[in-house]
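Okay, so here's the structure we're looking at.
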Amino acid sequence: MADGVEIINTLPEMSNGASGTSTIFTKPFPDVSKIEVFSGQNFRRWQEQVSTLLDMYGVAYALTTSKPDTSSSAKQIEDWIHTNKVCRHTMLSVLSNDLFDVYCSYKEAKEIWDSLILKYTAEDVVRQRFVIGKYYCWEMIEDKDIKIQINEYHKLLEDIKAENIVLPDEFVSELLIEKLLQSWTDYKQQLKHKHKQMSLPDVITHIIIEDTNRKECAAARAKALSAKANMIEDRPAPKRYEKKPDHKKNKSNFSCPSGPKPTFKKEKLLCLWKARSPCTSVQTQGEERQSS
């Protein structure tokens with residue numbers, strides 16, 4: 001865009017022979033399509049974007065310079081009129097409708113600029129407290145990617161810098177280490193025992209490498225468990241109603257001989273018992289003597 005502007009600015013006046021008039025190529029207004037419309041939030045960000053854009057076009061001095069008096073040269077007055085017009089148009093183009101209605105009657109860009117600064121930086125102290133509290137209470141969580149959380153930490157640091165709060169590099173890097181997850185306790189202790197003080201970019205690099213290694217190890221373990229589960233599933237399952245061998249029938253050494261079981265009559269058993277019992281035989285002899 002800058003090269004294109006330079007080419008247009010260096011073009012000479014072109015005359016029209018038929019009408020005798022000349023055409024002058026005017027400088028274009030800055031492209032504000034990438035600047036967020038200001039509606040009362042994030043004023044410092046919007047202020048930085050607008051001032052940087054106007055500075056690239058070499059007209060930012062109109063934000064802090066009033067209209068020259070009559071003692072100034074015509075060239076100075078003409079330059080100020082042009083720069084004031086560019087700055088005023090640029091600021092009004094990136095204001096919300098409500099703010100546009102307020103500032104459209106202002107003729108000087110410096111008046112708009114000073115009014116916005118006075119209005120939206122009056123709560124700097126309150127905002128500083130809010131930013132510091134948000135930075136102090138920020139914590140990492142397990143369910144979010146580590147890179148996204150590091151970007152959040154960077155954003156908090158930028159908010160701290162925007163409030164003109166300067167933090168030592170050692171404090172910033174060590175606090176990030178302290179904010180690591182509970183599952184990273186061993187790694188935190190490892191970083192703390194390093195003799196060389198690491199900067200914030202070095203700490204971030206170490207954390208990203210460690211996170212990558214952990215993810216690779218977790219993926220390898222998951223793959224091994226999946227392979228083991230597939231091996232178990234491939235084994236043939238035993239049949240539910242398969243006939244089991246009867247071990248009682250195989251005990252042939254302790255089985256009774258085959259054939260009908262012997263039966264004994266009651267009288268024969270009684271005779272055998274009497275014949276074998278000595279007391280019974282003596283009693284029988286005595287009874288026989290008495291009868292004779």
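By convention in this document, the chains of the structure tokens carry letters A, B, ... by their order, each chain's residues are numbered from 1, and ligands are numbered from 1 in the order they are shown.
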- Query: Leaving out region 113-116 of chain A and any residue of its chain fewer than 5 positions from it, which residues lie within 9 Å of it when counting only C-alpha atoms, given as JSON, numbers by chain?
  - Reply: {"A": [43, 47, 63, 64, 91, 108, 121]}
- Note on the structure: If you count only C-alpha atoms, the residue of A:Lys228, A:Lys161, A:Lys119, A:Lys107 closest to Arg45 (chain A) turns out to be A:Lys161
- Message: When you count only C-alpha atoms, which of these residues is closest to Lys147 (chain A): A:Thr52, A:Ser105, A:Asn97, A:Thr212?
- Response: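 Smallest separation from Lys147 (chain A) among the options: A:Thr212.
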- Determine which residues of region 97-178 of chain A receive a DSSP assignment of alpha helix (DSSP H), computed from the backbone, and state them as a VMD selection string. chain A and resid 97 to 103 109 to 120 124 to 137 146 to 162 169 to 178
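Among A:Val131, A:Met140, A:Ala224, A:Val86, the residue with the shortest atom-to-atom distance to Leu157 (chain A), counting only C-alpha atoms, is A:Val131.
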- Expressed in Å to a single decimal, how great is the separation between CA of Ile132 (chain A) and CA of Tyr153 (chain A)?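 We find that CA of Ile132 (chain A) and CA of Tyr153 (chain A) lie 12.4 Å from each other.
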Surrounding residues of Asp31 (chain A) excluding itself and chain neighbours under 5 positions, 12 Å, only C-alpha atoms, as a compact mmCIF listing (two decimals) with N, CA and C atoms, in the first residue's frame:
# COMPACT_ATOMS: atom_id res chain seq x y z
N MET A 1 0.82 -1.20 0.00
CA MET A 1 0.00 0.00 0.00
C MET A 1 0.86 1.25 0.00
N ALA A 2 1.96 1.24 0.76
CA ALA A 2 2.84 2.40 0.82
C ALA A 2 3.46 2.69 -0.53
N VAL A 5 0.94 4.26 -2.77
CA VAL A 5 0.69 5.66 -2.43
C VAL A 5 1.81 6.53 -2.96
N GLN A 49 -3.66 1.37 17.30
CA GLN A 49 -3.87 1.04 15.89
C GLN A 49 -4.06 2.29 15.04
N VAL A 50 -4.85 3.22 15.52
CA VAL A 50 -5.12 4.45 14.76
C VAL A 50 -3.86 5.31 14.64
N LEU A 53 -1.36 3.76 12.19
CA LEU A 53 -1.77 3.91 10.80
C LEU A 53 -1.55 5.34 10.30
N LEU A 54 -1.92 6.30 11.12
CA LEU A 54 -1.73 7.71 10.72
C LEU A 54 -0.25 8.08 10.65
N MET A 56 2.11 6.08 9.69
CA MET A 56 2.63 5.52 8.43
C MET A 56 2.37 6.47 7.27
N TYR A 57 1.30 7.25 7.35
CA TYR A 57 0.98 8.21 6.29
C TYR A 57 1.59 9.58 6.55
N VAL A 86 -7.36 14.31 7.01
CA VAL A 86 -7.10 12.86 6.95
C VAL A 86 -7.32 12.23 8.33
N CYS A 87 -6.79 12.85 9.38
CA CYS A 87 -6.92 12.30 10.73
C CYS A 87 -8.37 12.29 11.19
N HIS A 89 -11.13 12.28 9.34
CA HIS A 89 -11.88 11.29 8.57
C HIS A 89 -11.56 9.88 9.05
N THR A 90 -10.30 9.62 9.32
CA THR A 90 -9.90 8.27 9.75
C THR A 90 -10.53 7.91 11.09
N MET A 91 -10.49 8.82 12.05
CA MET A 91 -11.07 8.53 13.37
C MET A 91 -12.57 8.37 13.31
N SER A 93 -14.27 7.32 10.90
CA SER A 93 -14.58 6.09 10.15
C SER A 93 -14.53 4.85 11.03
N VAL A 94 -13.80 4.91 12.13
CA VAL A 94 -13.65 3.73 13.00
C VAL A 94 -14.30 3.96 14.36
- Closest of A:Asp186, A:Leu92, A:Ile146, A:Trp138 to Ile208 (chain A) - atom-to-atom distances counting only C-alpha atoms: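 So, comparing all the options, the nearest one is A:Ile146.
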- Task: Determine the nearest neighbour of Tyr120 (chain A) from the options A:Ile160, A:Val203, A:Gln41, A:Leu180, counting only C-alpha atoms.
- Result: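 Of the candidates, the smallest distance to Tyr120 (chain A) is held by A:Gln41.
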